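Below: one structure, written as structure tokens.
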Amino acid sequence: MSDKKEVVVGADGGKLMFTNRYLLKLLWPLFVEQMLVFAVGLADSVMVAGVGEAAVSAVSLVDSVMVLVITILIAMSTGGAVVVGQYLGQRKEKEANAAADQLILFAFMFAIFLMAIMYIFKDGIISLVFGEIEADVYENCNTYYSIVVASVPFVAISNAGSALFRSVGNSNISMRASIVMNVVNIGGNALLLYGFGMGIEGAAIPTLACRIVAAAIMLVLLRNQSRRIHISRRFVFIPDWSLIKKILKIGVPNGIENSMFQLGKLILLSMISSFGTASIAANAVANTASLIAVLPGMAMGYGVVSVISMCVGAGDYKQVSFYAKKLTRWVYLVMAVTNIAMIFAIPLILKMYGLSQETADIAADLIFINCAPAVFIWPLSFTIPNVLRAAGDVMYTMIVGVASMWLFRIFLGVFLSEYLGFGVAGVWIAMVVDWAIRSVCFCIRYRGSRWKRKAVV
């Protein structure tokens, strides 16, 4: 089906560019998609629990590295989505489709490079990031890592495809691809873990398979020339550096910010690993639960980038302001619902994982530390910077994000955990402080006008 008429463009006669119906049609599949994307990791953690806590810890540790890599790839895709969205706001569809070609090409080439680095330095990465871990956890990490890293190029393609479809308001496609991914992953886990009695490999192989399938779906759909955004029938394998530079102008600062954010988490995770298996497992469970709690806000962030980039491309900053306020209010609403629900669901979550009492008590505290303040400060910390990024103001968001992460999330986290004896809870308290500082800085920037002069096309 063609998506040529799915998006309202232009703000002629003072009319709004997007109706509530359009916004809801864009956003609700993003909620489902993000829930399904992270359900891949959740399914691995829950279904591998029968293999033992060492396997659960291994999946969590390796997924932390993969999240860093995926975050970089998503940042590049976001750069492409902003460029495409701003071209569409200017009604330059030929240039938008040329940018789509270059995004797919560059994302794949860059992912091949990352995968090679991860394999070449595998032993060093595992030792450096995870530090001194128990022998059974290390063995499981090594096996899971070796298989899952092969999925990096396929993740790059599927993320780029999803970003391109979101840029024209068609988030249904990426949602459906996520559904297929989860069917393949959960079915594969059930077959290999329960049917064939495999160990950690039974969780890793389906994860690789489902990401290959998602990438194939995106490539097939993007080749449909009737779609508003598509890649060329005869794909262009020659880089167009003028377009790639525009993509990288957004993608690189965004990637640095997000990768440093994830690197900070890995540094702290290395410290958490020294607290013992109970703390590692509790941190893994709390990470999964808290991630689900903020998924609606994260999903709406992708919608914010799509909507705001088109408004910026059209040069209509009144509509930028209108939709920024509107979508931020919506984020507050969904964050209140999901985080309060998560707090009440803590006993059920702990029962589902079947944790030891020590691990369960730690996990319960961590989930509450995350969810209670998220209702009040998470939207300002993460939705407002998406508005700035979509407008091209990525250097400011990078500087604030990196500085706040190092000063508060890492240094304060180490101080609270190691020197004041808070243990793993100190890391999570420092994270909330980081959110608060970010919120203040981004709100101050948004109330000014310098970010309105940063458009990339």
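In the structure tokens, each chain is lettered A, B, ... as it comes, each chain's residues begin at 1, and ligands are numbered from 1 in order of appearance.
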(Q) So that I can check the surroundings of Ala372 (chain A), please list as number ranges by chain every protein, DNA and RNA residue that reaches within 10 Å of it, counting only C-alpha atoms and ignoring chain neighbours fewer than 3 positions away. (A) A: 336, 339-340, 342-343, 367-369, 375-377, 432
If you keep N, CA, C and O atoms, can you produce a file of those selected residues as a PDB file, in the first residue's frame?
```pdb
ATOM      1  N   ALA A 336       3.047   9.131  33.549  1.00  0.00           N
ATOM      2  CA  ALA A 336       2.363   8.973  34.830  1.00  0.00           C
ATOM      3  C   ALA A 336       1.658   7.627  34.896  1.00  0.00           C
ATOM      4  O   ALA A 336       1.754   6.891  35.888  1.00  0.00           O
ATOM      5  N   ASN A 339       4.426   4.533  34.799  1.00  0.00           N
ATOM      6  CA  ASN A 339       5.316   4.405  35.950  1.00  0.00           C
ATOM      7  C   ASN A 339       4.570   4.100  37.234  1.00  0.00           C
ATOM      8  O   ASN A 339       5.062   3.331  38.072  1.00  0.00           O
ATOM      9  N   ILE A 340       3.394   4.664  37.405  1.00  0.00           N
ATOM     10  CA  ILE A 340       2.588   4.311  38.572  1.00  0.00           C
ATOM     11  C   ILE A 340       2.160   2.848  38.489  1.00  0.00           C
ATOM     12  O   ILE A 340       2.192   2.111  39.481  1.00  0.00           O
ATOM     13  N   MET A 342       3.800   0.495  36.986  1.00  0.00           N
ATOM     14  CA  MET A 342       4.981  -0.330  37.236  1.00  0.00           C
ATOM     15  C   MET A 342       5.269  -0.455  38.718  1.00  0.00           C
ATOM     16  O   MET A 342       5.669  -1.526  39.202  1.00  0.00           O
ATOM     17  N   ILE A 343       5.079   0.620  39.466  1.00  0.00           N
ATOM     18  CA  ILE A 343       5.311   0.560  40.913  1.00  0.00           C
ATOM     19  C   ILE A 343       4.379  -0.457  41.561  1.00  0.00           C
ATOM     20  O   ILE A 343       4.792  -1.278  42.388  1.00  0.00           O
ATOM     21  N   ILE A 367      13.641  -0.417  41.204  1.00  0.00           N
ATOM     22  CA  ILE A 367      12.490  -0.079  40.353  1.00  0.00           C
ATOM     23  C   ILE A 367      11.764   1.142  40.898  1.00  0.00           C
ATOM     24  O   ILE A 367      11.377   2.044  40.150  1.00  0.00           O
ATOM     25  N   PHE A 368      11.599   1.210  42.205  1.00  0.00           N
ATOM     26  CA  PHE A 368      10.904   2.361  42.801  1.00  0.00           C
ATOM     27  C   PHE A 368      11.718   3.634  42.644  1.00  0.00           C
ATOM     28  O   PHE A 368      11.169   4.699  42.330  1.00  0.00           O
ATOM     29  N   ILE A 369      13.035   3.544  42.851  1.00  0.00           N
ATOM     30  CA  ILE A 369      13.900   4.720  42.705  1.00  0.00           C
ATOM     31  C   ILE A 369      13.781   5.296  41.298  1.00  0.00           C
ATOM     32  O   ILE A 369      13.818   6.510  41.096  1.00  0.00           O
ATOM     33  N   VAL A 375       8.015  10.119  36.737  1.00  0.00           N
ATOM     34  CA  VAL A 375       6.712  10.737  36.458  1.00  0.00           C
ATOM     35  C   VAL A 375       6.849  12.255  36.338  1.00  0.00           C
ATOM     36  O   VAL A 375       6.176  12.887  35.515  1.00  0.00           O
ATOM     37  N   PHE A 376       7.752  12.856  37.105  1.00  0.00           N
ATOM     38  CA  PHE A 376       7.826  14.308  37.205  1.00  0.00           C
ATOM     39  C   PHE A 376       8.915  14.944  36.327  1.00  0.00           C
ATOM     40  O   PHE A 376       8.709  16.038  35.790  1.00  0.00           O
ATOM     41  N   ILE A 377      10.069  14.284  36.182  1.00  0.00           N
ATOM     42  CA  ILE A 377      11.180  14.976  35.519  1.00  0.00           C
ATOM     43  C   ILE A 377      11.666  14.317  34.228  1.00  0.00           C
ATOM     44  O   ILE A 377      12.377  14.953  33.449  1.00  0.00           O
ATOM     45  N   VAL A 432      18.860   9.739  38.741  1.00  0.00           N
ATOM     46  CA  VAL A 432      17.739  10.672  38.903  1.00  0.00           C
ATOM     47  C   VAL A 432      18.246  12.106  39.021  1.00  0.00           C
ATOM     48  O   VAL A 432      17.653  13.040  38.467  1.00  0.00           O
TER      49      VAL A 432
END
```
Q: Name all residues at most 10 Å from Gln90 (chain A) (count only C-alpha atoms; drop same-chain ones fewer than 2 positions away) and give them as JSON, numbers by chain.
A: {"A": [9, 10, 84, 85, 86, 87, 88, 92, 93, 96, 310, 311, 312, 313, 314, 315, 457]}
Those residues you just picked out, can you put them in a file as a PDB file, in the first residue's frame with C-alpha atoms?
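Done, and the output landed in result-v4.pdb:
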```pdb
ATOM      1  CA  VAL A   9       2.411  19.065   4.753  1.00  0.00           C
ATOM      2  CA  GLY A  10       2.358  22.839   4.764  1.00  0.00           C
ATOM      3  CA  VAL A  84      14.515  13.598   5.386  1.00  0.00           C
ATOM      4  CA  GLY A  85      11.881  15.305   7.543  1.00  0.00           C
ATOM      5  CA  GLN A  86      13.251  18.772   6.884  1.00  0.00           C
ATOM      6  CA  TYR A  87      13.350  18.070   3.137  1.00  0.00           C
ATOM      7  CA  LEU A  88       9.742  16.884   3.292  1.00  0.00           C
ATOM      8  CA  LYS A  92      11.604  18.399  -1.731  1.00  0.00           C
ATOM      9  CA  GLU A  93      10.768  14.729  -2.094  1.00  0.00           C
ATOM     10  CA  ALA A  96      14.436  13.273   0.669  1.00  0.00           C
ATOM     11  CA  MET A 310       8.866  18.759   9.261  1.00  0.00           C
ATOM     12  CA  CYS A 311       7.749  21.957  11.005  1.00  0.00           C
ATOM     13  CA  VAL A 312      11.359  23.187  10.989  1.00  0.00           C
ATOM     14  CA  GLY A 313      11.698  22.306   7.299  1.00  0.00           C
ATOM     15  CA  ALA A 314       8.595  24.383   6.610  1.00  0.00           C
ATOM     16  CA  GLY A 315      10.167  27.260   8.563  1.00  0.00           C
ATOM     17  CA  VAL A 457      18.757  21.797   5.060  1.00  0.00           C
TER      18      VAL A 457
END
```
Q. Which residue out of A:Ala293, A:Val337, A:Met118, A:Ala100 has the minimum interatomic distance to Ser162 (chain A) when only C-alpha atoms are used?
A.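 Selected residue with least distance to Ser162 (chain A): A:Ala100.
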Q.
Please list as an NGL selection string every residue within 7 Å of Glu201 (chain A), counting only C-alpha atoms and excluding residues in the same chain fewer than 3 positions away.
A. :A and (143-144 or 198 or 204-205)
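Minimum atom-to-atom distance to Asn370 (chain A), evaluated using only C-alpha atoms, belongs to A:Asn287 out of A:Ser64, A:Asn287, A:Thr397, A:Asn172.
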I'd like a table as a Markdown table: residues in region 179-260 of chain A with an atom no more than 12 Å from region 30-35 of chain A, each row giving the shortest atom pair and its distance in Å to one decimal, only C-alpha atoms counted, sorted by chain and rising residue number.
```
| residue | atom | partner | partner_atom | distance |
| --- | --- | --- | --- | --- |
| A:Ile179 | CA | A:Glu33 | CA | 7.6 |
| A:Val180 | CA | A:Glu33 | CA | 10.7 |
| A:Met181 | CA | A:Glu33 | CA | 10.3 |
| A:Asn182 | CA | A:Met35 | CA | 10.3 |
```
Q: For CA of Gly303 (chain A) and CA of Leu27 (chain A), quote the distance in Å rounded to one decimal.
A: 6.1 Å
Could you list, with a cut-off of 12 Å and counting only C-alpha atoms, the residues of region 107-138 of chain A near region 69-74 of chain A, each shown with its nearest atom pair and the distance in Å rounded to one decimal, rows sorted by chain and ascending number, as a tab-separated table?
```
residue	atom	partner	partner_atom	distance
A:Ala107	CA	A:Leu73	CA	7.0
A:Phe108	CA	A:Leu73	CA	9.5
A:Met109	CA	A:Leu73	CA	11.1
A:Phe110	CA	A:Leu73	CA	8.5
A:Ala111	CA	A:Leu73	CA	7.5
A:Ile112	CA	A:Leu73	CA	11.3
A:Phe113	CA	A:Val69	CA	11.4
A:Leu114	CA	A:Val69	CA	7.8
A:Met115	CA	A:Val69	CA	9.1
A:Ile117	CA	A:Val69	CA	11.2
A:Met118	CA	A:Val69	CA	9.6
```
Need to verify the contact set: region 327-331 of chain A, 9 Å, only C-alpha atoms, exclusion of same-chain residues closer than 5 positions in sequence. Can you return it as a short mmCIF file (atom, residue, chain, number, x, y, z; two decimals) with C-alpha atoms, in the first residue's frame?
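This is the output file result.cif:
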```
data_model
loop_
_atom_site.label_atom_id
_atom_site.label_comp_id
_atom_site.auth_asym_id
_atom_site.auth_seq_id
_atom_site.Cartn_x
_atom_site.Cartn_y
_atom_site.Cartn_z
CA PRO A 296 5.98 5.21 25.99
CA GLY A 297 8.04 8.37 26.51
CA MET A 298 10.87 6.99 24.39
CA MET A 300 6.89 9.51 21.63
CA GLY A 301 10.41 10.90 21.30
CA GLY A 303 7.30 10.96 16.99
CA VAL A 304 8.56 14.32 18.26
CA PHE A 322 2.71 24.38 19.52
CA ALA A 336 2.36 8.97 34.83
CA PRO A 379 9.72 14.23 30.06
CA LEU A 380 11.67 17.46 30.42
CA THR A 383 11.39 15.06 25.26
CA ILE A 384 12.62 18.68 25.12
#
```
Q) Which one of A:Val334, A:Met66, A:Ile267, A:Ile157 sits closest to Val414 (chain A) if you count only C-alpha atoms? A)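 For Val414 (chain A), the nearest of the given residues is A:Ile267.
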**Q.** One-decimal distance in Å that lies between CA of Cys441 (chain A) and CA of Leu420 (chain A)
**A.**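 Between CA of Leu420 (chain A) and CA of Cys441 (chain A) the gap works out to 27.7 Å.
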Q: With a distance cut-off of 9 Å and only C-alpha atoms, select the neighbouring residues of region 251-263 of chain A, excluding the residue or stretch itself and same-chain residues fewer than 2 positions from it, and output the selection as a ChimeraX atom specification.
A: /A:64-65,67-69,71-80,246-249,265-268,389,394-395,397-402,405-406
Keeping only C-alpha atoms, write those residues as a tab-separated table (two decimals), in the first residue's frame.
```tsv
chain	number	residue	atom	x	y	z
A	64	SER	CA	24.45	-3.61	27.83
A	65	VAL	CA	27.23	-3.61	25.23
A	67	VAL	CA	22.60	-1.29	23.69
A	68	LEU	CA	25.66	0.95	23.32
A	69	VAL	CA	26.13	-0.18	19.72
A	71	THR	CA	22.28	3.48	20.44
A	72	ILE	CA	25.00	4.67	18.05
A	73	LEU	CA	23.15	3.17	15.09
A	74	ILE	CA	19.87	4.76	16.19
A	75	ALA	CA	21.63	8.13	16.45
A	76	MET	CA	22.77	7.82	12.83
A	77	SER	CA	19.26	6.84	11.78
A	78	THR	CA	17.86	9.83	13.67
A	79	GLY	CA	20.23	12.07	11.72
A	80	GLY	CA	18.81	10.64	8.50
A	246	LYS	CA	24.06	16.53	6.57
A	247	ILE	CA	23.09	13.21	8.15
A	248	LEU	CA	26.30	13.13	10.20
A	249	LYS	CA	25.82	16.73	11.32
A	265	LYS	CA	26.21	2.94	32.19
A	266	LEU	CA	28.80	0.30	31.30
A	267	ILE	CA	31.37	1.89	33.60
A	268	LEU	CA	28.86	1.81	36.42
A	389	ARG	CA	17.67	17.81	17.92
A	394	VAL	CA	22.54	18.88	18.47
A	395	MET	CA	25.80	20.34	19.77
A	397	THR	CA	22.23	18.67	23.65
A	398	MET	CA	25.47	16.71	23.27
A	399	ILE	CA	27.46	19.00	25.58
A	400	VAL	CA	24.79	19.06	28.27
A	401	GLY	CA	24.13	15.34	28.02
A	402	VAL	CA	27.79	14.31	28.23
A	405	MET	CA	26.36	12.20	32.68
A	406	TRP	CA	30.00	12.36	33.77
```
Q: Go through region 291-435 of chain A and collect every residue that DSSP, computed from the backbone, puts in alpha helix (DSSP H); the answer should be as an NGL selection string.
A: :A and (291-313 or 317-344 or 346-353 or 357-390 or 394-404 or 413-414 or 424-435)
Q | Nearest candidate to Glu134 (chain A) (options A:Ala278, A:Val213, A:Leu412, A:Met431; using only C-alpha atoms) | A |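 Distance minimum relative to Glu134 (chain A) lands on A:Ala278.
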